[in-house]
Structure formats: structure tokens, C-alpha cells
>>> print(open('my_file.cif').read())   # mmCIF, C-alpha atoms
data_data
loop_
_atom_site.label_atom_id
_atom_site.label_comp_id
_atom_site.auth_asym_id
_atom_site.auth_seq_id
_atom_site.Cartn_x
_atom_site.Cartn_y
_atom_site.Cartn_z
CA MET A 176 14.16 24.21 11.32
CA LYS A 177 17.12 25.36 13.37
CA PHE A 178 18.80 28.68 12.62
CA ASN A 179 22.51 29.35 12.27
CA TYR A 180 22.53 33.13 11.97
CA THR A 181 23.70 35.64 14.57
CA ILE A 182 20.81 36.51 16.90
CA LEU A 183 20.26 39.95 18.43
CA TYR A 184 17.47 41.36 20.57
CA GLY A 185 15.97 44.80 20.71
CA THR A 186 12.92 46.99 21.12
CA PHE A 187 10.62 47.95 18.25
CA LEU A 188 10.45 51.70 17.68
CA HIS A 189 8.50 52.33 14.47
CA ARG A 190 7.87 51.07 10.94
CA PRO A 191 7.97 53.89 8.39
CA ASN A 192 6.91 51.57 5.56
CA ARG A 193 6.13 47.90 5.07
CA PHE A 194 9.71 46.98 4.18
CA ILE A 195 11.71 48.40 7.09
CA ALA A 196 11.54 48.93 10.84
CA HIS A 197 13.63 50.90 13.32
CA ILE A 198 14.89 48.90 16.30
CA ALA A 199 16.78 49.88 19.45
CA LEU A 200 19.31 47.11 20.03
CA GLU A 201 19.72 45.69 23.51
CA GLY A 202 23.16 46.24 24.99
CA ASN A 203 24.29 48.49 22.14
CA ALA A 204 26.56 45.64 21.04
CA LEU A 205 26.89 46.59 17.39
CA LYS A 206 27.32 50.10 15.98
CA SER A 207 24.70 52.59 17.14
CA ASN A 208 21.84 51.66 19.42
CA GLU A 209 19.16 52.34 16.80
CA VAL A 210 19.31 50.28 13.62
CA VAL A 211 17.19 49.90 10.51
CA CYS A 212 16.18 46.35 9.66
CA HIS A 213 14.33 44.64 6.84
CA VAL A 214 10.83 43.33 7.63
CA PRO A 215 10.35 40.00 5.79
CA ASN A 216 6.56 40.31 5.90
CA THR A 217 4.39 42.78 3.96
CA GLY A 218 1.35 42.20 6.20
CA ARG A 219 0.10 44.93 8.51
CA LEU A 220 1.25 43.21 11.74
CA ARG A 221 -0.46 45.99 13.70
CA GLU A 222 -1.25 43.78 16.68
CA LEU A 223 2.43 42.76 16.92
CA LEU A 224 4.57 45.74 15.94
CA ILE A 225 3.66 48.01 18.82
CA PRO A 226 6.27 50.54 19.99
CA GLY A 227 8.12 49.12 22.99
CA VAL A 228 7.69 45.39 22.26
CA ARG A 229 10.72 43.13 22.37
CA VAL A 230 11.91 41.71 19.05
CA MET A 231 14.49 39.29 17.75
CA LEU A 232 16.70 40.12 14.78
CA SER A 233 19.31 38.32 12.75
CA TYR A 234 22.55 40.04 11.76
CA HIS A 235 23.92 39.65 8.21
CA PRO A 236 26.92 41.89 7.52
CA SER A 237 27.15 42.27 3.74
CA SER A 238 27.95 44.99 1.24
CA THR A 239 25.15 43.77 -1.05
CA ARG A 240 22.32 44.21 1.46
CA LYS A 241 20.48 47.49 2.02
CA THR A 242 20.41 46.69 5.73
CA GLU A 243 22.46 44.24 7.78
CA TYR A 244 19.51 43.29 9.99
CA GLU A 245 16.43 41.12 9.48
CA LEU A 246 13.42 41.25 11.80
CA ARG A 247 12.55 37.64 12.64
CA MET A 248 10.32 37.46 15.72
CA VAL A 249 8.15 39.60 17.95
CA MET A 250 7.32 38.95 21.59
CA LYS A 251 3.59 38.95 22.35
CA GLY A 252 2.83 38.36 26.00
CA SER A 253 5.28 35.66 27.03
CA ASN A 254 5.56 34.02 23.60
CA TRP A 255 7.64 34.62 20.52
CA ILE A 256 5.78 34.88 17.21
CA SER A 257 7.71 34.30 13.99
CA ILE A 258 6.90 36.91 11.33
CA ASP A 259 9.20 35.69 8.54
CA SER A 260 6.85 35.12 5.58
CA GLN A 261 9.50 33.08 3.74
CA LEU A 262 9.83 30.57 6.56
CA PRO A 263 6.48 28.68 6.33
CA ASN A 264 7.31 27.14 2.94
CA ALA A 265 10.65 25.85 4.20
CA ILE A 266 9.29 24.39 7.43
CA ALA A 267 6.30 22.88 5.59
CA HIS A 268 8.75 21.13 3.26
CA GLU A 269 10.74 19.90 6.27
CA ALA A 270 7.60 18.69 8.09
CA ILE A 271 6.31 16.79 5.06
CA ALA A 272 9.72 15.21 4.42
CA THR A 273 9.89 13.99 8.03
CA ASP A 274 6.25 12.77 8.14
CA VAL A 275 5.16 15.29 10.77
CA ILE A 276 2.04 16.19 8.79
CA GLU A 277 0.02 13.00 8.97
CA GLU A 278 -2.29 13.90 6.09
CA LEU A 279 0.67 14.34 3.74
CA GLN A 280 2.66 11.21 4.49
CA GLY A 281 3.65 8.71 1.81
CA TYR A 282 4.93 11.01 -0.93
CA SER A 283 8.36 10.14 -2.30
CA VAL A 284 9.08 13.42 -4.12
CA ILE A 285 8.58 16.99 -2.94
CA GLN A 286 8.98 19.76 -5.51
CA ARG A 287 8.93 23.48 -4.76
CA GLU A 288 7.40 26.38 -6.70
CA GLN A 289 5.62 24.30 -9.32
CA PRO A 290 3.71 26.03 -12.14
CA TYR A 291 0.02 25.36 -12.64
CA GLN A 292 -2.14 27.23 -15.13
CA ASN A 293 -1.23 30.91 -14.69
CA SER A 294 0.11 30.51 -11.17
CA ARG A 295 2.54 28.57 -9.03
CA PHE A 296 1.83 26.30 -6.10
CA ASP A 297 4.31 26.21 -3.24
CA LEU A 298 4.69 22.43 -3.25
CA LYS A 299 3.93 19.52 -5.56
CA LEU A 300 4.00 16.07 -3.97
CA LEU A 301 4.45 12.92 -6.04
CA GLY A 302 3.45 9.45 -4.85
CA GLU A 303 0.44 7.29 -5.57
CA ASP A 304 -1.25 10.52 -6.61
CA ILE A 305 -0.22 14.10 -7.35
CA CYS A 306 -0.90 16.58 -4.60
CA TYR A 307 -0.56 20.34 -4.86
CA VAL A 308 -0.01 22.25 -1.61
CA GLU A 309 -0.39 25.99 -1.12
CA VAL A 310 1.22 27.23 2.12
CA LYS A 311 0.04 30.27 4.06
CA GLY A 312 1.92 31.66 7.05
CA VAL A 313 -0.27 32.82 9.96
CA THR A 314 0.79 35.38 12.58
CA LEU A 315 -2.49 37.04 13.60
CA GLU A 316 -3.74 35.81 17.01
CA VAL A 317 -6.59 37.04 19.20
CA ASP A 318 -7.35 35.34 22.53
CA GLY A 319 -5.60 32.14 21.49
CA TRP A 320 -7.36 31.86 18.12
CA THR A 321 -5.54 32.59 14.86
CA TYR A 322 -6.62 34.19 11.59
CA PHE A 323 -5.44 34.78 8.02
CA PRO A 324 -5.00 37.18 6.31
CA ASP A 325 -4.28 40.33 8.29
CA ALA A 326 -4.78 42.41 5.12
CA PRO A 327 -6.86 41.81 1.96
CA THR A 328 -5.09 39.46 -0.45
CA GLU A 329 -6.23 39.27 -4.06
CA ARG A 330 -3.24 37.05 -4.84
CA GLY A 331 -4.35 34.60 -2.15
CA ARG A 332 -7.80 34.32 -3.71
CA LYS A 333 -6.27 33.66 -7.12
CA HIS A 334 -4.26 30.75 -5.72
CA ILE A 335 -7.42 29.26 -4.24
CA ASP A 336 -9.19 29.45 -7.61
CA GLU A 337 -6.27 27.60 -9.17
CA MET A 338 -6.40 24.97 -6.43
CA ILE A 339 -10.13 24.44 -7.01
CA HIS A 340 -9.39 23.99 -10.72
CA ALA A 341 -6.70 21.40 -9.94
CA VAL A 342 -9.01 19.36 -7.71
CA LYS A 343 -11.75 19.40 -10.34
CA ARG A 344 -9.18 18.01 -12.79
CA GLY A 345 -8.50 15.05 -10.50
CA TYR A 346 -5.48 16.22 -8.53
CA ARG A 347 -5.35 16.30 -4.77
CA GLY A 348 -5.26 19.83 -3.38
CA VAL A 349 -4.33 21.09 0.09
CA ILE A 350 -4.20 24.59 1.56
CA LEU A 351 -1.89 24.40 4.55
CA PHE A 352 -1.98 27.22 7.10
CA VAL A 353 1.31 27.23 9.02
CA VAL A 354 0.52 28.97 12.30
CA GLN A 355 3.67 30.61 13.66
CA VAL A 356 2.06 31.06 17.08
CA GLU A 357 2.99 28.32 19.54
CA ASP A 358 -0.05 28.48 21.84
CA ALA A 359 -2.65 28.71 19.05
CA LYS A 360 -5.86 26.83 19.85
CA GLY A 361 -7.40 26.93 16.38
CA PHE A 362 -7.67 28.75 13.06
CA THR A 363 -10.36 30.58 11.09
CA PRO A 364 -10.14 32.55 7.80
CA ASN A 365 -10.34 36.26 8.56
CA ALA A 366 -13.81 37.23 7.35
CA VAL A 367 -13.56 40.65 8.99
CA THR A 368 -10.45 41.79 7.14
CA ASP A 369 -11.01 39.89 3.89
CA PRO A 370 -14.54 38.44 3.57
CA ALA A 371 -13.89 37.47 -0.06
CA PHE A 372 -10.94 35.31 0.99
CA ALA A 373 -13.00 33.62 3.73
CA ARG A 374 -15.79 32.87 1.25
CA LYS A 375 -13.26 31.50 -1.22
CA ILE A 376 -11.83 29.12 1.41
CA SER A 377 -15.34 27.79 2.09
CA GLU A 378 -15.88 27.39 -1.65
CA ALA A 379 -12.62 25.46 -1.90
CA ALA A 380 -13.57 23.13 0.95
CA GLU A 381 -16.91 22.41 -0.72
CA ALA A 382 -15.05 21.61 -3.96
CA GLY A 383 -12.87 19.04 -2.20
CA VAL A 384 -9.78 21.07 -1.37
CA GLU A 385 -8.41 20.00 2.03
CA ILE A 386 -7.95 22.84 4.51
CA LEU A 387 -5.33 22.11 7.17
CA ALA A 388 -3.81 24.21 9.96
CA TYR A 389 -0.70 23.22 11.90
CA ARG A 390 0.91 25.19 14.68
CA CYS A 391 4.62 25.61 15.25
CA LEU A 392 7.07 25.43 18.08
CA VAL A 393 8.61 28.91 18.07
CA SER A 394 11.87 29.89 19.75
CA PRO A 395 14.69 32.25 18.75
CA ASN A 396 16.80 29.26 17.73
CA GLU A 397 14.19 27.14 15.98
CA VAL A 398 10.77 27.10 14.36
CA ARG A 399 9.16 23.80 13.42
CA ILE A 400 5.71 22.40 12.81
CA ILE A 401 4.47 20.26 15.68
CA ASP A 402 0.76 19.42 15.49
CA ARG A 403 -2.60 20.03 13.85
CA ILE A 404 -5.11 22.51 15.27
CA PRO A 405 -8.84 22.79 14.50
CA VAL A 406 -10.04 24.75 11.48
CA VAL A 407 -13.41 26.50 11.80
CA LEU A 408 -14.73 27.99 8.56
#
>>> encode(input="my_file.cif", output="C-alpha cells")
Amino acid sequence: MKFNYTILYGTFLHRPNRFIAHIALEGNALKSNEVVCHVPNTGRLRELLIPGVRVMLSYHPSSTRKTEYELRMVMKGSNWISIDSQLPNAIAHEAIATDVIEELQGYSVIQREQPYQNSRFDLKLLGEDICYVEVKGVTLEVDGWTYFPDAPTERGRKHIDEMIHAVKRGYRGVILFVVQVEDAKGFTPNAVTDPAFARKISEAAEAGVEILAYRCLVSPNEVRIIDRIPVVL
């Protein structure tokens, strides 16, 4: 997915709460040097949002927004990592529609935000069968390996229970981890931060839910899914 918004760069200063961050803009091109931007990710991001790291923002001048800036990417080492939690669903849809995800080829209809039981799945695919897909965006990386979640997620466990129910009722079910880290070597559920989530993923796999992880090409101008990486439960 290519972006068409105005791109700015800066340095991360601090994050007073999970919704906003203070950034020092490079070049002081717009207004004051320090700006407040929205953080489109409620995760902890402690290993990324370290004072002094370089970041990429998008600029959205509007009287209806609380802030004109959106924090999009963080530089870790020599690589950009996308932190936009709304992006994985969109790029998963794009990748499925263009047959990038081999395991999900052959579906003629892709529907978003489809209700099931007391929840909603991110995608519902229609073809020779019905396949529900739950998408999880991954940003946590340690020594080339990636993990999810970076904070306990009761909501995430609920979605897995619903997916297990769907598979037992005869539907196909897939949990797709979209790894927004370009040099990721593999993926594992984060049993240290959320052991209940990790156990639930193993339970889902045993019930027949397919667990997939795909890494992305990440640049300030584009993020797209490129290939599958190993999943170790």
C-alpha cells in the first residue's frame, strides 16, 4: 500500500499517555519545532519509542482533528518499523486481493468487519468455502524474531475463542500476523507478556485454526506484505 499523505521526519521526545507523543520536527519546517501527534497504536511500544529515536509522521491539517500529526513509523537500527495499528487490516486485504498470500488464494469476495457470534472478524472470504480471517499487527522485535502482543490483550483472546468456535462449526479459520518489521526472521506468540494469549494460540492451532505470519516491506512511502515467515508456537 502506497501512501499519499505529506511525510515529515522528527525525533521522539516523550509519550505522556498512550494516545499522544511529543516530537521535535526536523528542519522546523512547520510551526514550532516541537509538535504533539496522535499515536495510532495503544500498545506499549517501549522498545521502539525511546527518547532520541528518529520517527516518521504524516501531516493532516484539519480543524476537526485534535492534532494535525500522526505518528506512522519508528526507526530501529537501520530499519523503519510501521506502528500504525489500523494499517495491517488494509494491507492484508490488499495482499489477499492480489494473491500475495498463497494460503488465501482463490476467494472471489473479501468482506471487512464481519460479525460472528458476539464479535467481529476482520475479514470474511467467500469462495469454495467460507474463511474467517483475524488480523494482528506485529511490531515487537528482539534479535530478528518477532512477538505479539506487547501488552496483555483480553480482547485478542476473545477473538481466538470465536475463531475456534467457527472452525468447529465447519468454517475455515485463519489468524494472520502481519509483521511490520522488514527483516523479521520468524514469529512466536509472546508467552512472557501474555502467557494466556500464547496458550490460546496453541489451543487454536490444535483445533484446526491456521496460524500464519507474513512480513512486510516497510518504507516511508509504502508498506506491503511480501512473504511468509516461520511461526514457532
>>> resolve_selection(input="my_file.cif", expression="the PyMOL selection byres ((chain A and resi 220-222) around 8)", output="PyMOL selection string")
chain A and resi 218-219+223-225+314-315+325
>>> closest_residue(input="my_file.cif", among="A:Pro327, A:Gly348, A:Pro364, A:Pro215", to="A:Asp297", atoms="all atoms listed in the file")
A:Gly348
>>> closest_atom_pairs(input="my_file.cif", of="stretch 240-331 of chain A", to="stretch 350-354 of chain A", cutoff="12 Å", atoms="all atoms listed in the file", output="tab-separated table")
residue	atom	partner	partner_atom	distance
A:Ile256	CA	A:Val354	CA	9.3
A:Ser257	CA	A:Val354	CA	9.1
A:Ile258	CA	A:Val354	CA	10.2
A:Asp259	CA	A:Val353	CA	11.6
A:Ser260	CA	A:Val353	CA	10.2
A:Gln261	CA	A:Val353	CA	11.4
A:Leu262	CA	A:Val353	CA	9.5
A:Pro263	CA	A:Val353	CA	6.0
A:Asn264	CA	A:Val353	CA	8.5
A:Ala265	CA	A:Val353	CA	10.6
A:Ile266	CA	A:Val353	CA	8.6
A:Ala267	CA	A:Val353	CA	7.5
A:His268	CA	A:Leu351	CA	11.2
A:Ala270	CA	A:Val353	CA	10.6
A:Ile271	CA	A:Leu351	CA	11.2
A:Ile276	CA	A:Leu351	CA	10.0
A:Glu278	CA	A:Leu351	CA	10.6
A:Leu279	CA	A:Leu351	CA	10.4
A:Phe296	CA	A:Ile350	CA	9.9
A:Asp297	CA	A:Ile350	CA	9.9
A:Leu298	CA	A:Ile350	CA	10.3
A:Lys299	CA	A:Ile350	CA	11.9
A:Cys306	CA	A:Ile350	CA	10.6
A:Tyr307	CA	A:Ile350	CA	8.5
A:Val308	CA	A:Ile350	CA	5.8
A:Glu309	CA	A:Ile350	CA	4.9
A:Val310	CA	A:Leu351	CA	4.9
A:Lys311	CA	A:Phe352	CA	4.8
A:Gly312	CA	A:Val353	CA	4.9
A:Val313	CA	A:Val354	CA	4.6
A:Thr314	CA	A:Val354	CA	6.4
A:Leu315	CA	A:Val354	CA	8.7
A:Glu316	CA	A:Val354	CA	9.3
A:Gly319	CA	A:Val354	CA	11.5
A:Trp320	CA	A:Val354	CA	10.2
A:Thr321	CA	A:Val354	CA	7.5
A:Tyr322	CA	A:Val354	CA	8.9
A:Phe323	CA	A:Phe352	CA	8.4
A:Pro324	CA	A:Phe352	CA	10.4
A:Gly331	CA	A:Ile350	CA	10.7
>>> residues_near_point(input="my_file.cif", point="(8.7, 12.2, -5.5)", cutoff="6 Å", atoms="all atoms listed in the file", output="PyMOL selection string")
chain A and resi 283-285+301-302
>>> resolve_selection(input="my_file.cif", expression="the PyMOL selection byres ((chain A and resi 180) around 10)", output="PDB file with C-alpha atoms, in the frame of the given file")
ATOM      1  CA  LYS A 177      17.120  25.360  13.370  1.00  0.00           C
ATOM      2  CA  PHE A 178      18.800  28.680  12.620  1.00  0.00           C
ATOM      3  CA  ASN A 179      22.510  29.350  12.270  1.00  0.00           C
ATOM      4  CA  THR A 181      23.700  35.640  14.570  1.00  0.00           C
ATOM      5  CA  ILE A 182      20.810  36.510  16.900  1.00  0.00           C
ATOM      6  CA  LEU A 183      20.260  39.950  18.430  1.00  0.00           C
ATOM      7  CA  LEU A 232      16.700  40.120  14.780  1.00  0.00           C
ATOM      8  CA  SER A 233      19.310  38.320  12.750  1.00  0.00           C
ATOM      9  CA  TYR A 234      22.550  40.040  11.760  1.00  0.00           C
ATOM     10  CA  HIS A 235      23.920  39.650   8.210  1.00  0.00           C
ATOM     11  CA  ASN A 396      16.800  29.260  17.730  1.00  0.00           C
TER      12      ASN A 396
END
>>> atom_distance(input="my_file.cif", atom1="atom CA of A:Val230", atom2="atom CA of A:Pro395")
9.9 Å
>>> closest_residue(input="my_file.cif", among="A:Tyr291, A:Phe372, A:Tyr346, A:Phe362", to="A:Glu329", atoms="all atoms listed in the file")
A:Phe372
>>> atom_distance(input="my_file.cif", atom1="atom CA of A:Ala359", atom2="atom CA of A:Arg390")
6.6 Å
>>> atom_distance(input="my_file.cif", atom1="atom CA of A:Asp402", atom2="atom CA of A:Val249")
21.6 Å
>>> closest_residue(input="my_file.cif", among="A:Glu288, A:Gly345, A:Ile339, A:Ile404", to="A:Val384", atoms="only C-alpha atoms")
A:Ile339
>>> closest_residue(input="my_file.cif", among="A:Val210, A:Val356, A:Met176, A:Ala341", to="A:Asp318", atoms="all atoms listed in the file")
A:Val356
>>> closest_residue(input="my_file.cif", among="A:Asn208, A:Thr186, A:Asn216, A:Ser253", to="A:Val228", atoms="all atoms listed in the file")
A:Thr186
>>> resolve_selection(input="my_file.cif", expression="the PyMOL selection byres ((chain A and resi 236) around 12)", output="CSV table (one decimal) with C-alpha atoms, in the coordinates of the input")
chain,number,residue,atom,x,y,z
A,180,TYR,CA,22.5,33.1,12.0
A,181,THR,CA,23.7,35.6,14.6
A,205,LEU,CA,26.9,46.6,17.4
A,206,LYS,CA,27.3,50.1,16.0
A,212,CYS,CA,16.2,46.4,9.7
A,233,SER,CA,19.3,38.3,12.8
A,234,TYR,CA,22.6,40.0,11.8
A,235,HIS,CA,23.9,39.6,8.2
A,237,SER,CA,27.2,42.3,3.7
A,238,SER,CA,28.0,45.0,1.2
A,239,THR,CA,25.2,43.8,-1.0
A,240,ARG,CA,22.3,44.2,1.5
A,241,LYS,CA,20.5,47.5,2.0
A,242,THR,CA,20.4,46.7,5.7
A,243,GLU,CA,22.5,44.2,7.8
A,244,TYR,CA,19.5,43.3,10.0
A,245,GLU,CA,16.4,41.1,9.5
>>> residues_around(input="my_file.cif", residues="A:Glu381", least_positions_apart="5", cutoff="12 Å", atoms="all atoms listed in the file", output="MDAnalysis selection string")
chainID A and resid 339 342:343 374:376 386 408
>>> closest_residue(input="my_file.cif", among="A:Met338, A:Ile198, A:Met248, A:Ala272", to="A:Pro290", atoms="all atoms listed in the file")
A:Met338
>>> axis_aligned_box(input="my_file.cif", around="stretch 331-336 of chain A", padding_each_side="4 Å", output="AutoDock Vina command-line options")
--center_x -6.7 --center_y 31.9 --center_z -4.9 --size_x 12.9 --size_y 13.3 --size_z 13.5
>>> decode(input="my_file.cif", residues="stretch 292-320 of chain A", atoms="N, CA and C atoms", output="compact mmCIF listing (two decimals), in the first residue's frame")
# COMPACT_ATOMS: atom_id res chain seq x y z
N GLN A 292 -21.04 -14.46 16.02
CA GLN A 292 -21.39 -14.61 17.43
C GLN A 292 -21.45 -13.21 18.08
N ASN A 293 -20.67 -13.02 19.13
CA ASN A 293 -20.66 -11.74 19.84
C ASN A 293 -19.44 -10.89 19.49
N SER A 294 -18.85 -11.15 18.34
CA SER A 294 -17.62 -10.47 17.97
C SER A 294 -17.67 -10.09 16.49
N ARG A 295 -16.55 -9.61 16.00
CA ARG A 295 -16.38 -9.33 14.58
C ARG A 295 -15.02 -9.84 14.15
N PHE A 296 -14.98 -10.48 12.99
CA PHE A 296 -13.71 -10.86 12.40
C PHE A 296 -13.30 -9.81 11.38
N ASP A 297 -12.00 -9.62 11.23
CA ASP A 297 -11.52 -8.57 10.34
C ASP A 297 -11.91 -8.81 8.89
N LEU A 298 -11.83 -10.07 8.45
CA LEU A 298 -12.14 -10.38 7.05
C LEU A 298 -12.97 -11.67 6.96
N LYS A 299 -13.84 -11.69 5.99
CA LYS A 299 -14.59 -12.90 5.64
C LYS A 299 -14.40 -13.13 4.15
N LEU A 300 -13.85 -14.29 3.80
CA LEU A 300 -13.56 -14.62 2.41
C LEU A 300 -14.57 -15.63 1.90
N LEU A 301 -15.09 -15.38 0.70
CA LEU A 301 -16.09 -16.26 0.11
C LEU A 301 -15.55 -16.85 -1.18
N GLY A 302 -15.64 -18.17 -1.30
CA GLY A 302 -15.19 -18.89 -2.48
C GLY A 302 -15.80 -20.27 -2.44
N GLU A 303 -14.99 -21.30 -2.60
CA GLU A 303 -15.50 -22.66 -2.47
C GLU A 303 -15.86 -22.98 -1.03
N ASP A 304 -15.29 -22.23 -0.11
CA ASP A 304 -15.68 -22.33 1.30
C ASP A 304 -15.78 -20.92 1.87
N ILE A 305 -16.10 -20.83 3.14
CA ILE A 305 -16.13 -19.56 3.85
C ILE A 305 -14.98 -19.55 4.83
N CYS A 306 -14.17 -18.51 4.73
CA CYS A 306 -12.98 -18.41 5.57
C CYS A 306 -13.01 -17.10 6.35
N TYR A 307 -12.91 -17.22 7.67
CA TYR A 307 -12.79 -16.04 8.51
C TYR A 307 -11.31 -15.80 8.80
N VAL A 308 -10.91 -14.53 8.75
CA VAL A 308 -9.52 -14.15 9.00
C VAL A 308 -9.48 -13.07 10.08
N GLU A 309 -8.70 -13.31 11.10
CA GLU A 309 -8.44 -12.30 12.12
C GLU A 309 -7.00 -11.83 11.94
N VAL A 310 -6.81 -10.51 11.81
CA VAL A 310 -5.51 -9.92 11.50
C VAL A 310 -4.94 -9.27 12.76
N LYS A 311 -3.66 -9.57 13.02
CA LYS A 311 -2.96 -8.96 14.15
C LYS A 311 -1.68 -8.28 13.63
N GLY A 312 -1.51 -7.02 13.96
CA GLY A 312 -0.31 -6.30 13.56
C GLY A 312 0.81 -6.48 14.57
N VAL A 313 2.00 -6.79 14.09
CA VAL A 313 3.15 -7.11 14.95
C VAL A 313 4.24 -6.06 14.78
N THR A 314 4.71 -5.49 15.89
CA THR A 314 5.80 -4.51 15.85
C THR A 314 6.95 -4.86 16.79
N LEU A 315 6.74 -5.82 17.69
CA LEU A 315 7.75 -6.14 18.69
C LEU A 315 8.79 -7.10 18.11
N GLU A 316 10.05 -6.67 18.10
CA GLU A 316 11.15 -7.48 17.53
C GLU A 316 12.32 -7.50 18.49
N VAL A 317 12.88 -8.70 18.68
CA VAL A 317 14.07 -8.87 19.51
C VAL A 317 15.03 -9.80 18.77
N ASP A 318 16.20 -9.29 18.41
CA ASP A 318 17.22 -10.08 17.72
C ASP A 318 16.69 -10.76 16.47
N GLY A 319 15.88 -10.05 15.72
CA GLY A 319 15.38 -10.57 14.45
C GLY A 319 14.13 -11.41 14.55
N TRP A 320 13.71 -11.74 15.77
CA TRP A 320 12.49 -12.55 15.95
C TRP A 320 11.37 -11.63 16.44
